[in-house]
>>> print(open('target_32.cif').read())   # mmCIF, C-alpha atoms
data_query
#
loop_
_atom_site.label_atom_id
_atom_site.label_comp_id
_atom_site.auth_asym_id
_atom_site.auth_seq_id
_atom_site.Cartn_x
_atom_site.Cartn_y
_atom_site.Cartn_z
CA MET A 13 3.24 -186.70 -56.21
CA TYR A 14 6.57 -185.95 -54.59
CA ALA A 15 7.97 -188.57 -52.24
CA PHE A 16 6.88 -188.71 -48.62
CA THR A 17 7.05 -191.03 -45.67
CA PHE A 18 3.86 -192.54 -44.32
CA ARG A 19 3.08 -192.93 -40.61
CA ARG A 20 0.29 -194.85 -38.97
CA PRO A 21 0.05 -193.69 -35.36
CA GLU A 22 -2.35 -195.62 -33.15
CA THR A 23 -3.05 -192.87 -30.66
CA LEU A 24 -3.75 -189.17 -30.81
CA ARG A 25 -0.68 -188.49 -28.71
CA GLN A 26 1.58 -190.34 -31.14
CA ALA A 27 0.03 -188.42 -34.03
CA ALA A 28 0.56 -185.09 -32.29
CA ASN A 29 4.18 -186.03 -31.47
CA LEU A 30 4.88 -186.91 -35.08
CA LEU A 31 3.37 -183.62 -36.18
CA SER A 32 5.41 -181.60 -33.70
CA LYS A 33 8.62 -183.36 -34.74
CA ASN A 34 8.11 -182.45 -38.36
CA GLY A 35 6.47 -179.07 -38.88
CA ASP A 36 5.86 -179.80 -42.56
CA ALA A 37 4.11 -183.12 -41.94
CA LYS A 38 0.39 -183.26 -42.74
CA PRO A 39 -2.35 -185.27 -41.06
CA LEU A 40 -4.23 -187.50 -43.50
CA ALA A 41 -7.94 -188.09 -42.87
CA GLY A 42 -9.99 -189.25 -45.90
CA GLY A 43 -7.43 -187.77 -48.26
CA HIS A 44 -10.00 -186.60 -50.79
CA THR A 45 -8.61 -183.09 -50.91
CA LEU A 46 -5.04 -183.66 -49.80
CA LEU A 47 -4.21 -186.50 -52.22
CA PRO A 48 -5.57 -184.74 -55.33
CA THR A 49 -3.68 -181.62 -54.26
CA MET A 50 -0.49 -183.66 -53.88
CA LYS A 51 -1.04 -185.32 -57.26
CA LEU A 52 -1.14 -181.84 -58.78
CA ARG A 53 2.03 -181.00 -56.84
CA LEU A 54 0.27 -178.07 -55.22
CA ALA A 55 1.18 -179.66 -51.89
CA SER A 56 4.28 -181.71 -51.13
CA PRO A 57 4.33 -182.71 -47.47
CA PRO A 58 7.43 -184.80 -46.68
CA GLU A 59 5.43 -186.89 -44.22
CA LEU A 60 1.79 -188.01 -43.99
CA ILE A 61 0.30 -188.90 -40.63
CA ASP A 62 -2.61 -191.27 -41.26
CA LEU A 63 -5.31 -190.67 -38.63
CA SER A 64 -7.44 -193.67 -39.60
CA ARG A 65 -5.86 -196.09 -37.09
CA ILE A 66 -6.64 -193.90 -34.08
CA GLU A 67 -9.57 -195.23 -32.13
CA GLY A 68 -12.48 -193.11 -31.01
CA LEU A 69 -12.45 -190.47 -33.74
CA GLU A 70 -15.45 -191.74 -35.69
CA GLY A 71 -18.37 -191.81 -33.27
CA ILE A 72 -21.63 -189.91 -33.64
CA GLU A 73 -23.61 -189.29 -30.47
CA LEU A 74 -26.26 -187.14 -28.95
CA THR A 75 -25.29 -185.82 -25.54
CA GLY A 76 -27.77 -183.55 -23.83
CA ARG A 77 -28.47 -180.70 -26.19
CA ALA A 78 -25.57 -181.26 -28.52
CA LEU A 79 -24.84 -183.58 -31.39
CA THR A 80 -21.21 -184.66 -31.41
CA ILE A 81 -19.59 -186.00 -34.56
CA GLY A 82 -16.11 -187.54 -34.54
CA ALA A 83 -13.59 -185.88 -36.84
CA MET A 84 -13.05 -189.08 -38.85
CA ALA A 85 -16.77 -189.66 -39.46
CA ARG A 86 -17.18 -190.02 -43.22
CA HIS A 87 -19.72 -187.92 -45.10
CA ALA A 88 -21.67 -191.12 -45.82
CA ASP A 89 -21.76 -191.93 -42.07
CA VAL A 90 -23.19 -188.50 -41.24
CA HIS A 91 -25.63 -188.65 -44.15
CA GLY A 92 -26.90 -192.10 -43.17
CA SER A 93 -26.86 -191.71 -39.39
CA PRO A 94 -30.32 -192.04 -37.79
CA VAL A 95 -28.98 -189.99 -34.85
CA VAL A 96 -28.03 -187.08 -37.11
CA GLN A 97 -31.23 -187.42 -39.17
CA GLN A 98 -33.25 -187.16 -35.98
CA ALA A 99 -31.31 -184.42 -34.19
CA ILE A 100 -30.26 -182.11 -37.06
CA PRO A 101 -31.80 -183.41 -40.29
CA VAL A 102 -30.29 -180.60 -42.36
CA LEU A 103 -26.81 -181.75 -41.39
CA ALA A 104 -27.49 -185.27 -42.68
CA LYS A 105 -28.86 -183.74 -45.87
CA LEU A 106 -25.87 -181.44 -46.28
CA ALA A 107 -23.43 -184.36 -45.89
CA GLY A 108 -25.30 -186.13 -48.70
CA MET A 109 -24.73 -183.14 -51.00
CA ILE A 110 -20.95 -183.37 -50.82
CA GLY A 111 -19.16 -184.89 -53.82
CA ASP A 112 -20.57 -188.23 -54.96
CA PRO A 113 -21.27 -191.53 -53.16
CA ALA A 114 -17.71 -192.89 -53.51
CA VAL A 115 -16.20 -189.61 -52.33
CA ARG A 116 -18.59 -189.60 -49.36
CA HIS A 117 -17.30 -193.03 -48.34
CA MET A 118 -13.84 -191.53 -47.78
CA GLY A 119 -14.15 -187.80 -47.06
CA THR A 120 -14.40 -186.78 -43.41
CA ILE A 121 -15.96 -183.89 -41.51
CA GLY A 122 -12.70 -183.14 -39.71
CA GLY A 123 -10.75 -183.04 -42.95
CA SER A 124 -13.26 -180.74 -44.59
CA ILE A 125 -13.22 -178.31 -41.70
CA ALA A 126 -9.44 -178.32 -41.27
CA ASN A 127 -9.02 -177.62 -44.98
CA ASN A 128 -11.62 -174.79 -44.96
CA ASP A 129 -12.07 -174.75 -48.71
CA PRO A 130 -13.99 -171.55 -49.52
CA SER A 131 -16.59 -173.64 -51.40
CA ALA A 132 -16.95 -176.48 -48.89
CA ASP A 133 -20.30 -177.23 -47.25
CA TYR A 134 -19.35 -178.19 -43.68
CA PRO A 135 -17.83 -174.81 -42.76
CA ALA A 136 -21.23 -173.22 -43.47
CA ALA A 137 -22.92 -175.77 -41.21
CA CYS A 138 -20.39 -175.20 -38.40
CA LEU A 139 -20.70 -171.43 -38.54
CA GLY A 140 -24.45 -171.51 -39.15
CA LEU A 141 -25.13 -173.83 -36.23
CA GLY A 142 -22.61 -172.19 -33.91
CA ALA A 143 -20.63 -175.41 -33.55
CA THR A 144 -17.64 -175.97 -31.31
CA ILE A 145 -14.58 -177.59 -32.84
CA VAL A 146 -12.83 -179.82 -30.32
CA THR A 147 -9.14 -180.59 -30.75
CA ASN A 148 -6.50 -182.53 -28.84
CA LYS A 149 -5.68 -179.22 -27.12
CA ARG A 150 -8.84 -177.13 -26.67
CA ARG A 151 -12.35 -176.21 -27.76
CA ILE A 152 -12.71 -173.57 -30.46
CA LYS A 153 -15.94 -171.76 -31.35
CA ALA A 154 -16.72 -171.89 -35.07
CA ASP A 155 -16.79 -168.07 -35.03
CA ASP A 156 -13.10 -168.10 -34.08
CA PHE A 157 -12.09 -171.18 -36.06
CA PHE A 158 -12.45 -170.16 -39.71
CA THR A 159 -9.88 -167.43 -40.24
CA GLY A 160 -9.86 -167.06 -44.04
CA MET A 161 -9.62 -169.04 -47.25
CA PHE A 162 -7.93 -172.40 -46.53
CA SER A 163 -6.95 -171.06 -43.14
CA THR A 164 -8.08 -171.93 -39.62
CA ALA A 165 -7.17 -171.25 -36.00
CA LEU A 166 -5.52 -174.68 -35.76
CA GLU A 167 -1.97 -174.52 -34.43
CA PRO A 168 0.87 -176.81 -35.48
CA ALA A 169 0.32 -180.34 -34.13
CA GLU A 170 -3.27 -179.52 -33.26
CA ILE A 171 -5.71 -182.20 -34.46
CA ILE A 172 -9.49 -181.94 -34.62
CA THR A 173 -11.06 -184.77 -32.66
CA LYS A 174 -14.75 -183.93 -32.91
CA VAL A 175 -17.29 -181.27 -33.70
CA SER A 176 -20.12 -180.45 -31.34
CA PHE A 177 -23.31 -178.97 -32.80
CA PRO A 178 -26.00 -177.42 -30.60
CA ILE A 179 -29.45 -178.59 -31.72
CA PRO A 180 -31.29 -175.81 -33.56
CA LYS A 181 -35.02 -175.25 -33.45
CA LYS A 182 -35.11 -174.62 -37.19
CA ALA A 183 -32.39 -174.86 -39.80
CA ALA A 184 -31.94 -175.22 -43.54
CA TYR A 185 -29.18 -175.18 -46.15
CA GLN A 186 -29.53 -174.04 -49.73
CA LYS A 187 -26.73 -174.89 -52.10
CA PHE A 188 -26.37 -173.50 -55.60
CA ARG A 189 -23.97 -175.89 -57.28
CA ASN A 190 -21.38 -175.20 -59.88
CA GLN A 191 -22.76 -177.35 -62.71
CA ALA A 192 -19.40 -178.93 -63.48
CA SER A 193 -17.63 -179.37 -60.15
CA ARG A 194 -20.82 -179.61 -58.03
CA TYR A 195 -19.10 -177.51 -55.38
CA ALA A 196 -21.14 -174.69 -53.86
CA LEU A 197 -21.01 -171.64 -56.12
CA VAL A 198 -22.92 -170.18 -53.21
CA GLY A 199 -24.37 -171.99 -50.19
CA VAL A 200 -26.41 -170.38 -47.42
CA PHE A 201 -27.03 -172.03 -44.07
CA VAL A 202 -29.64 -170.51 -41.73
CA ALA A 203 -30.44 -171.63 -38.20
CA LYS A 204 -32.61 -170.46 -35.34
CA ARG A 205 -32.04 -171.57 -31.77
CA GLY A 206 -34.03 -169.50 -29.30
CA GLY A 207 -33.05 -165.88 -29.95
CA ASP A 208 -29.82 -166.91 -31.64
CA ILE A 209 -30.20 -166.59 -35.39
CA ARG A 210 -27.35 -167.30 -37.75
CA VAL A 211 -26.90 -166.91 -41.48
CA ALA A 212 -23.67 -168.40 -42.81
CA VAL A 213 -22.47 -168.25 -46.40
CA THR A 214 -20.01 -170.49 -48.21
CA GLY A 215 -18.72 -170.37 -51.79
CA ALA A 216 -19.21 -166.63 -52.15
CA GLY A 217 -16.71 -164.86 -49.91
CA ALA A 218 -13.16 -164.17 -51.05
CA ASN A 219 -12.13 -164.91 -47.45
CA GLY A 220 -14.10 -168.11 -47.07
CA VAL A 221 -17.19 -168.75 -44.99
CA PHE A 222 -18.82 -165.72 -43.30
CA ARG A 223 -21.97 -164.58 -41.45
CA ILE A 224 -24.32 -161.80 -42.54
CA GLN A 225 -25.18 -159.64 -39.57
CA SER A 226 -27.77 -157.51 -41.41
CA PHE A 227 -29.74 -160.61 -42.41
CA GLU A 228 -29.52 -162.03 -38.90
CA GLU A 229 -30.84 -158.78 -37.38
CA ALA A 230 -33.74 -158.70 -39.84
CA LEU A 231 -34.61 -162.32 -39.06
CA LYS A 232 -34.53 -161.63 -35.31
CA LYS A 233 -37.55 -159.35 -35.77
CA ARG A 234 -39.40 -162.09 -37.58
CA PHE A 235 -38.01 -165.42 -38.78
CA SER A 236 -39.61 -165.37 -42.22
CA PRO A 237 -38.35 -165.05 -45.80
CA LYS A 238 -40.38 -161.80 -45.96
CA SER A 239 -37.98 -160.22 -43.48
CA LEU A 240 -35.22 -160.53 -46.08
CA GLU A 241 -37.20 -159.17 -49.01
CA GLY A 242 -35.24 -156.57 -50.94
CA MET A 243 -32.17 -157.09 -48.77
CA THR A 244 -28.83 -157.48 -50.51
CA ILE A 245 -25.19 -157.67 -49.57
CA PRO A 246 -22.44 -155.68 -51.27
CA ALA A 247 -20.42 -157.36 -54.01
CA ASP A 248 -17.21 -156.12 -52.37
CA GLY A 249 -15.30 -159.07 -50.96
CA MET A 250 -17.16 -161.66 -53.05
CA ASN A 251 -15.32 -164.18 -55.20
CA SER A 252 -15.25 -163.44 -58.88
CA ASP A 253 -14.20 -166.04 -61.44
CA ILE A 254 -15.27 -167.68 -64.70
CA HIS A 255 -18.15 -169.37 -62.89
CA GLY A 256 -19.75 -166.19 -61.59
CA SER A 257 -19.00 -162.52 -61.00
CA ALA A 258 -18.94 -160.95 -57.54
CA GLU A 259 -22.27 -159.25 -58.29
CA TYR A 260 -23.83 -162.55 -59.34
CA ARG A 261 -22.66 -164.27 -56.17
CA ALA A 262 -23.90 -161.39 -54.00
CA HIS A 263 -27.29 -161.65 -55.68
CA LEU A 264 -27.42 -165.41 -55.14
CA VAL A 265 -26.69 -164.95 -51.44
CA GLY A 266 -29.94 -162.99 -51.04
CA VAL A 267 -31.97 -165.44 -53.10
CA LEU A 268 -30.63 -168.52 -51.33
CA ALA A 269 -31.00 -166.94 -47.89
CA ARG A 270 -34.69 -166.34 -48.56
CA ARG A 271 -35.09 -169.89 -49.87
CA ALA A 272 -33.28 -171.31 -46.87
CA VAL A 273 -35.48 -169.42 -44.40
CA ALA A 274 -38.58 -170.53 -46.33
CA GLU A 275 -37.36 -174.14 -46.08
CA ALA A 276 -36.55 -173.77 -42.38
CA VAL A 277 -40.04 -172.50 -41.55
CA GLY A 278 -41.54 -175.22 -43.73
CA LYS A 279 -42.98 -173.15 -46.56
CA MET B 20 9.45 -198.58 -49.52
CA ALA B 21 6.87 -199.60 -46.95
CA ALA B 22 5.03 -202.85 -46.32
CA VAL B 23 1.30 -203.29 -46.67
CA SER B 24 -0.93 -206.33 -46.23
CA LEU B 25 -4.46 -206.46 -47.53
CA THR B 26 -6.92 -208.85 -49.12
CA VAL B 27 -7.75 -208.45 -52.81
CA ASN B 28 -10.62 -210.49 -54.24
CA GLY B 29 -10.34 -212.89 -51.32
CA LYS B 30 -6.60 -213.48 -51.68
CA PRO B 31 -4.11 -212.17 -49.12
CA VAL B 32 -1.53 -209.79 -50.56
CA THR B 33 1.60 -208.59 -48.78
CA THR B 34 3.93 -206.31 -50.64
CA ASP B 35 6.40 -203.45 -50.37
CA VAL B 36 5.32 -200.26 -52.07
CA ASP B 37 6.60 -196.74 -52.58
CA PRO B 38 4.39 -194.71 -50.20
CA ARG B 39 3.10 -192.75 -53.21
CA THR B 40 1.52 -195.87 -54.72
CA LEU B 41 -2.19 -195.41 -55.28
CA LEU B 42 -4.54 -198.34 -54.81
CA VAL B 43 -5.27 -198.34 -58.54
CA GLN B 44 -1.54 -198.57 -59.31
CA LEU B 45 -1.13 -201.47 -56.91
CA LEU B 46 -4.06 -203.25 -58.56
CA ARG B 47 -3.10 -202.63 -62.17
CA GLU B 48 0.67 -202.48 -62.18
CA GLU B 49 1.65 -204.90 -59.45
CA LEU B 50 -1.26 -207.35 -59.23
CA ARG B 51 -2.02 -207.04 -62.98
CA LEU B 52 -5.73 -206.61 -62.28
CA THR B 53 -6.27 -204.30 -65.21
CA GLY B 54 -10.06 -204.41 -65.13
CA THR B 55 -10.01 -201.35 -62.88
CA HIS B 56 -9.43 -198.37 -65.16
CA VAL B 57 -7.95 -194.92 -64.72
CA GLY B 58 -10.07 -192.35 -66.50
CA CYS B 59 -9.54 -188.87 -65.11
CA ASP B 60 -7.13 -189.59 -62.24
CA THR B 61 -8.80 -186.69 -60.37
CA SER B 62 -11.58 -188.57 -58.48
CA GLN B 63 -14.32 -187.39 -60.78
CA CYS B 64 -15.02 -190.02 -63.45
CA GLY B 65 -15.44 -193.21 -61.41
CA ALA B 66 -13.74 -195.58 -63.90
CA CYS B 67 -11.50 -196.68 -61.02
CA VAL B 68 -14.24 -197.54 -58.51
CA VAL B 69 -13.59 -200.65 -56.42
CA HIS B 70 -15.00 -201.76 -53.09
CA VAL B 71 -12.99 -201.28 -49.91
CA ASN B 72 -14.47 -203.09 -46.93
CA GLY B 73 -17.71 -203.38 -48.88
CA LYS B 74 -18.02 -199.74 -49.93
CA ALA B 75 -17.41 -198.10 -53.30
CA VAL B 76 -14.32 -195.87 -53.37
CA LYS B 77 -12.28 -194.24 -56.09
CA SER B 78 -9.04 -196.20 -56.17
CA CYS B 79 -7.16 -193.30 -57.84
CA THR B 80 -7.57 -191.28 -54.65
CA VAL B 81 -6.54 -193.80 -52.01
CA LEU B 82 -2.99 -194.72 -51.12
CA ALA B 83 -2.23 -198.43 -50.94
CA LEU B 84 -0.74 -197.77 -47.48
CA GLN B 85 -4.09 -196.49 -46.22
CA LEU B 86 -5.50 -199.98 -46.75
CA GLU B 87 -3.53 -202.04 -44.25
CA GLY B 88 -5.82 -204.95 -43.34
CA ALA B 89 -8.57 -203.91 -45.75
CA GLN B 90 -10.73 -206.11 -47.97
CA VAL B 91 -10.64 -204.93 -51.57
CA LEU B 92 -13.00 -206.19 -54.26
CA THR B 93 -12.39 -205.38 -57.93
CA ILE B 94 -14.39 -206.17 -61.05
CA GLU B 95 -12.31 -209.35 -61.45
CA GLY B 96 -13.52 -210.62 -58.09
CA LEU B 97 -17.21 -209.98 -58.62
CA ALA B 98 -17.90 -213.40 -60.17
CA PRO B 99 -15.87 -216.63 -60.14
CA THR B 100 -13.51 -216.80 -63.14
CA ASP B 101 -14.91 -220.11 -64.37
CA GLY B 102 -18.56 -219.48 -63.45
CA PRO B 103 -21.40 -217.33 -64.75
CA LEU B 104 -21.22 -213.53 -64.71
CA HIS B 105 -22.44 -211.61 -61.68
CA PRO B 106 -26.13 -210.63 -62.19
CA MET B 107 -25.11 -206.97 -62.55
CA GLN B 108 -22.53 -207.84 -65.23
CA GLU B 109 -25.12 -209.99 -67.00
CA ALA B 110 -27.63 -207.12 -66.87
CA PHE B 111 -25.10 -204.77 -68.52
CA ARG B 112 -24.60 -207.37 -71.28
CA GLU B 113 -28.34 -207.98 -71.75
CA ASN B 114 -29.23 -204.29 -71.83
CA HIS B 115 -26.26 -203.17 -73.88
CA GLY B 116 -25.20 -201.00 -70.93
CA LEU B 117 -21.94 -200.02 -72.55
CA GLN B 118 -20.58 -198.55 -75.73
CA CYS B 119 -16.77 -198.35 -75.63
CA GLY B 120 -16.73 -200.14 -72.27
CA TYR B 121 -14.08 -198.00 -70.62
CA CYS B 122 -16.31 -196.79 -67.76
CA THR B 123 -18.04 -200.18 -67.36
CA PRO B 124 -15.99 -201.73 -64.52
CA GLY B 125 -16.51 -198.60 -62.41
CA MET B 126 -20.18 -198.42 -63.38
CA ILE B 127 -20.74 -202.02 -62.33
CA MET B 128 -18.88 -201.69 -59.02
CA THR B 129 -20.85 -198.52 -58.28
CA ALA B 130 -24.08 -200.25 -59.30
CA VAL B 131 -23.50 -203.10 -56.84
CA ASP B 132 -22.82 -200.51 -54.14
CA ILE B 133 -26.07 -198.70 -55.00
CA VAL B 134 -27.98 -201.96 -54.51
CA ARG B 135 -26.26 -202.47 -51.14
CA ARG B 136 -27.41 -199.04 -49.96
CA LYS B 137 -30.72 -198.52 -51.78
CA GLY B 138 -32.13 -201.99 -52.28
CA HIS B 139 -33.33 -203.94 -55.30
CA GLU B 140 -36.16 -201.75 -56.57
CA LEU B 141 -34.46 -198.71 -58.03
CA ASP B 142 -36.22 -195.98 -59.98
CA ASP B 143 -34.45 -194.09 -62.75
CA ARG B 144 -34.12 -190.91 -60.74
CA THR B 145 -32.37 -192.68 -57.87
CA ILE B 146 -30.00 -194.45 -60.24
CA ARG B 147 -29.15 -191.25 -62.11
CA GLU B 148 -28.51 -189.36 -58.87
CA GLU B 149 -26.37 -192.17 -57.53
CA LEU B 150 -24.29 -192.19 -60.73
CA GLU B 151 -23.17 -188.62 -60.09
CA GLY B 152 -19.59 -189.80 -59.65
CA ASN B 153 -19.42 -192.05 -62.72
CA ILE B 154 -18.97 -190.53 -66.13
CA CYS B 155 -19.63 -192.29 -69.46
CA ARG B 156 -18.00 -190.23 -72.18
CA CYS B 157 -19.93 -192.14 -74.85
CA THR B 158 -22.97 -190.67 -73.00
CA GLY B 159 -24.55 -194.11 -72.98
CA TYR B 160 -26.38 -193.42 -69.73
CA HIS B 161 -29.82 -194.54 -70.86
CA ASN B 162 -28.91 -198.20 -71.17
CA ILE B 163 -26.62 -198.05 -68.14
CA VAL B 164 -29.60 -196.91 -66.06
CA LYS B 165 -31.75 -199.69 -67.54
CA ALA B 166 -29.01 -202.24 -66.85
CA ILE B 167 -28.64 -201.17 -63.21
CA ALA B 168 -32.40 -201.39 -62.58
CA ALA B 169 -32.48 -204.88 -64.15
CA GLY B 170 -29.29 -205.97 -62.39
CA ALA B 171 -30.62 -204.84 -59.02
CA ARG B 172 -33.74 -206.98 -59.49
CA ALA B 173 -31.67 -209.93 -60.73
CA MET B 174 -29.45 -209.72 -57.65
CA GLN B 175 -32.54 -210.12 -55.48
CA ALA B 176 -33.75 -213.10 -57.52
CA GLY B 177 -30.25 -214.60 -57.32
CA ALA B 178 -30.13 -214.13 -53.55
CA ALA B 179 -33.61 -215.68 -53.21
CA SER B 180 -32.76 -218.77 -55.28
CA GLN B 181 -29.50 -219.25 -53.39
CA ALA B 182 -31.39 -219.07 -50.11
CA ALA B 183 -33.86 -221.69 -51.38
CA GLU B 184 -31.12 -224.16 -52.27
#
>>> encode(input="target_32.cif", output="structure tokens")
Amino acid sequence: MYAFTFRRPETLRQAANLLSKNGDAKPLAGGHTLLPTMKLRLASPPELIDLSRIEGLEGIELTGRALTIGAMARHADVHGSPVVQQAIPVLAKLAGMIGDPAVRHMGTIGGSIANNDPSADYPAACLGLGATIVTNKRRIKADDFFTGMFSTALEPAEIITKVSFPIPKKAAYQKFRNQASRYALVGVFVAKRGGDIRVAVTGAGANGVFRIQSFEEALKKRFSPKSLEGMTIPADGMNSDIHGSAEYRAHLVGVLARRAVAEAVGK
Amino acid sequence: MAAVSLTVNGKPVTTDVDPRTLLVQLLREELRLTGTHVGCDTSQCGACVVHVNGKAVKSCTVLALQLEGAQVLTIEGLAPTDGPLHPMQEAFRENHGLQCGYCTPGMIMTAVDIVRRKGHELDDRTIREELEGNICRCTGYHNIVKAIAAGARAMQAGAASQAAE
């Protein structure tokens, strides 16, 4: 790691001020992506702003028809939360699929979303559930938030404070893991809430998480895995690497989407 | 340099560190608690697992400065130095739950955390799933799994006999 200074602000305002004073400073949540990246010298922020001392960023609560999760909630908190398990069980399950138990004790939902790793699980949940990302400045729809691989709509000195998920009627997530890293080689999140049907894909797209309109239209006619039979997506724009070709990933998207719908309807 | 105060194995520690100092470096290089090992240094192998505020974390991926006010427990603090081994340590010894022993401190700290979260009756499948973040390069998993199941039961028996005293 290159040298940096370490700040422990106690309020969101202090954190935002520190970030605006130093444009190269980075907020530190659980650190389970940022610190390994710094150890590899792929990132070298001159200043880290530790968000863990700021009160009120960790809560999980059900308010009306939305489940709100604080940005600093750890994956283990979301996985083990009776509130999440009751309101959106698939979200608790998804949190339990990230990394390993020790990683889940540190990693946070806000950190995962802000990083927008193209193989991360939470971006698929946010886009698939039509979440709203709340920051110290505004509310951003998931559809507008994820703007490409490792890139988001967050502005300088903008800090995620919580994520609000509308409660779906049916939802499921199917993750096909890379056998070594356990990251999603492809992950497909499907959700149905009234007439709103969403299919979100992580791991596959060269530009990060994305929705599949053709699948969503087909599922609007009938929410059943049968509706997706024979449907494929083009391999153009898919990731291609030693773990899987673009064609392979495109194929997996169809397979996992059908499995996810089958799981969501309970078959 | 920056100051940090935390509790390690029940003892208060206040020290000045370079902000880059990882928890595992503080433990091994400054406090000379070398039971916590560095295997991969990339948060995958789990040789460096310690407990922070009661939960298992990978000490190679936490900065010492993130732990202001925290309670840290390492393998050295699991049992009193002059007393018997912790039931989980004893179970690893009884079941030959190690070959070269490099991964053992992390395995044991993870095992105690599994018991905290999943209770004392652990089936093999649960243990194997929970060990996802701990790698034994001797591939001695079979006896590690046996040791954790036995250790989990022994921890319950230990807790029961303590309560009876």
>>> residues_around(input="target_32.cif", residues="Ala143 in chain A", least_positions_apart="4", cutoff="10 Å", atoms="all atoms listed in the file", output="list in words")
Ala78, Leu79, Thr80, Pro135, Ala137, Cys138, Leu139, Ile152, Lys153, Ala154, Asp155, Phe157, Val175, Ser176, Phe177, Pro178 and Ile179 of chain A
>>> atom_distance(input="target_32.cif", atom1="CA of His56 in chain B", atom2="CA of Val43 in chain B")
7.8 Å
>>> atom_distance(input="target_32.cif", atom1="CA of Gly73 in chain B", atom2="CA of Asp37 in chain B")
25.5 Å
>>> atom_distance(input="target_32.cif", atom1="CA of Thr26 in chain B", atom2="CA of Gly96 in chain B")
11.3 Å
>>> residues_around(input="target_32.cif", residues="Gln97 in chain A", least_positions_apart="3", cutoff="12 Å", atoms="all atoms listed in the file", output="PyMOL selection string")
chain A and resi 72-74+79+89-94+100-108+179
>>> interface_residues(input="target_32.cif", of="chain A", to="chain B", cutoff="7 Å", atoms="only C-alpha atoms", output="list in words")
Met13, Ala15, Phe16, Thr17, Phe18, His44, Leu47, Pro48, Asp112, Pro113, Ala114, Val115 and His117 of chain A
>>> closest_residue(input="target_32.cif", among="B:Arg147, B:Arg172, B:His161, B:Lys30", to="Leu50 in chain B", atoms="all atoms listed in the file")
B:Lys30
>>> closest_residue(input="target_32.cif", among="A:Val273, A:Ala41, A:Ile145, A:Leu264", to="Ser124 in chain A", atoms="all atoms listed in the file")
A:Ala41
>>> resolve_selection(input="target_32.cif", expression="the PyMOL selection byres ((chain B and resi 107) around 7)", output="compact mmCIF listing (two decimals) with C-alpha atoms, in the frame of the given file")
# COMPACT_ATOMS: atom_id res chain seq x y z
CA HIS B 105 -22.44 -211.61 -61.68
CA PRO B 106 -26.13 -210.63 -62.19
CA GLN B 108 -22.53 -207.84 -65.23
CA GLU B 109 -25.12 -209.99 -67.00
CA ALA B 110 -27.63 -207.12 -66.87
CA PHE B 111 -25.10 -204.77 -68.52
CA ILE B 127 -20.74 -202.02 -62.33
CA ILE B 167 -28.64 -201.17 -63.21
CA GLY B 170 -29.29 -205.97 -62.39
CA ALA B 171 -30.62 -204.84 -59.02
>>> residues_near_point(input="target_32.cif", point="(-40.3, -168.5, -39.0)", cutoff="6 Å", atoms="all atoms listed in the file", output="NGL selection string")
:A and (235-236 or 277)
>>> resolve_selection(input="target_32.cif", expression="the PyMOL selection byres ((chain A and resi 23) around 8)", output="mmCIF file with C-alpha atoms, in the frame of the given file")
data_model
loop_
_atom_site.group_PDB
_atom_site.id
_atom_site.type_symbol
_atom_site.label_atom_id
_atom_site.label_comp_id
_atom_site.auth_asym_id
_atom_site.auth_seq_id
_atom_site.Cartn_x
_atom_site.Cartn_y
_atom_site.Cartn_z
ATOM 1 C CA PRO A 21 0.050 -193.690 -35.360
ATOM 2 C CA GLU A 22 -2.350 -195.620 -33.150
ATOM 3 C CA LEU A 24 -3.750 -189.170 -30.810
ATOM 4 C CA ARG A 25 -0.680 -188.490 -28.710
ATOM 5 C CA GLN A 26 1.580 -190.340 -31.140
ATOM 6 C CA ALA A 27 0.030 -188.420 -34.030
ATOM 7 C CA ARG A 65 -5.860 -196.090 -37.090
ATOM 8 C CA ILE A 66 -6.640 -193.900 -34.080
ATOM 9 C CA GLU A 67 -9.570 -195.230 -32.130
#
>>> resolve_selection(input="target_32.cif", expression="the PyMOL selection byres ((chain A and resi 86) around 6)", output="JSON, numbers by chain")
{"A": [85, 87, 88, 89, 117, 118, 119, 120]}
>>> decode(input="target_32.cif", residues="range 104-110 of chain A", atoms="N, CA and C atoms", output="PDB file, in the first residue's frame")
ATOM      1  N   ALA A 104     -31.957 -11.567   1.874  1.00  0.00           N
ATOM      2  CA  ALA A 104     -31.182 -12.169   2.971  1.00  0.00           C
ATOM      3  C   ALA A 104     -30.338 -13.315   2.427  1.00  0.00           C
ATOM      4  N   LYS A 105     -30.940 -14.090   1.534  1.00  0.00           N
ATOM      5  CA  LYS A 105     -30.223 -15.231   0.947  1.00  0.00           C
ATOM      6  C   LYS A 105     -29.034 -14.756   0.103  1.00  0.00           C
ATOM      7  N   LEU A 106     -29.291 -13.741  -0.697  1.00  0.00           N
ATOM      8  CA  LEU A 106     -28.233 -13.192  -1.557  1.00  0.00           C
ATOM      9  C   LEU A 106     -27.058 -12.682  -0.721  1.00  0.00           C
ATOM     10  N   ALA A 107     -27.360 -11.987   0.382  1.00  0.00           N
ATOM     11  CA  ALA A 107     -26.280 -11.460   1.235  1.00  0.00           C
ATOM     12  C   ALA A 107     -25.430 -12.597   1.781  1.00  0.00           C
ATOM     13  N   GLY A 108     -26.067 -13.744   2.032  1.00  0.00           N
ATOM     14  CA  GLY A 108     -25.349 -14.908   2.548  1.00  0.00           C
ATOM     15  C   GLY A 108     -24.528 -15.630   1.495  1.00  0.00           C
ATOM     16  N   MET A 109     -24.677 -15.216   0.224  1.00  0.00           N
ATOM     17  CA  MET A 109     -23.888 -15.840  -0.848  1.00  0.00           C
ATOM     18  C   MET A 109     -22.628 -15.045  -1.164  1.00  0.00           C
ATOM     19  N   ILE A 110     -22.463 -13.902  -0.499  1.00  0.00           N
ATOM     20  CA  ILE A 110     -21.307 -13.053  -0.813  1.00  0.00           C
ATOM     21  C   ILE A 110     -20.098 -13.538  -0.016  1.00  0.00           C
TER      22      ILE A 110
END
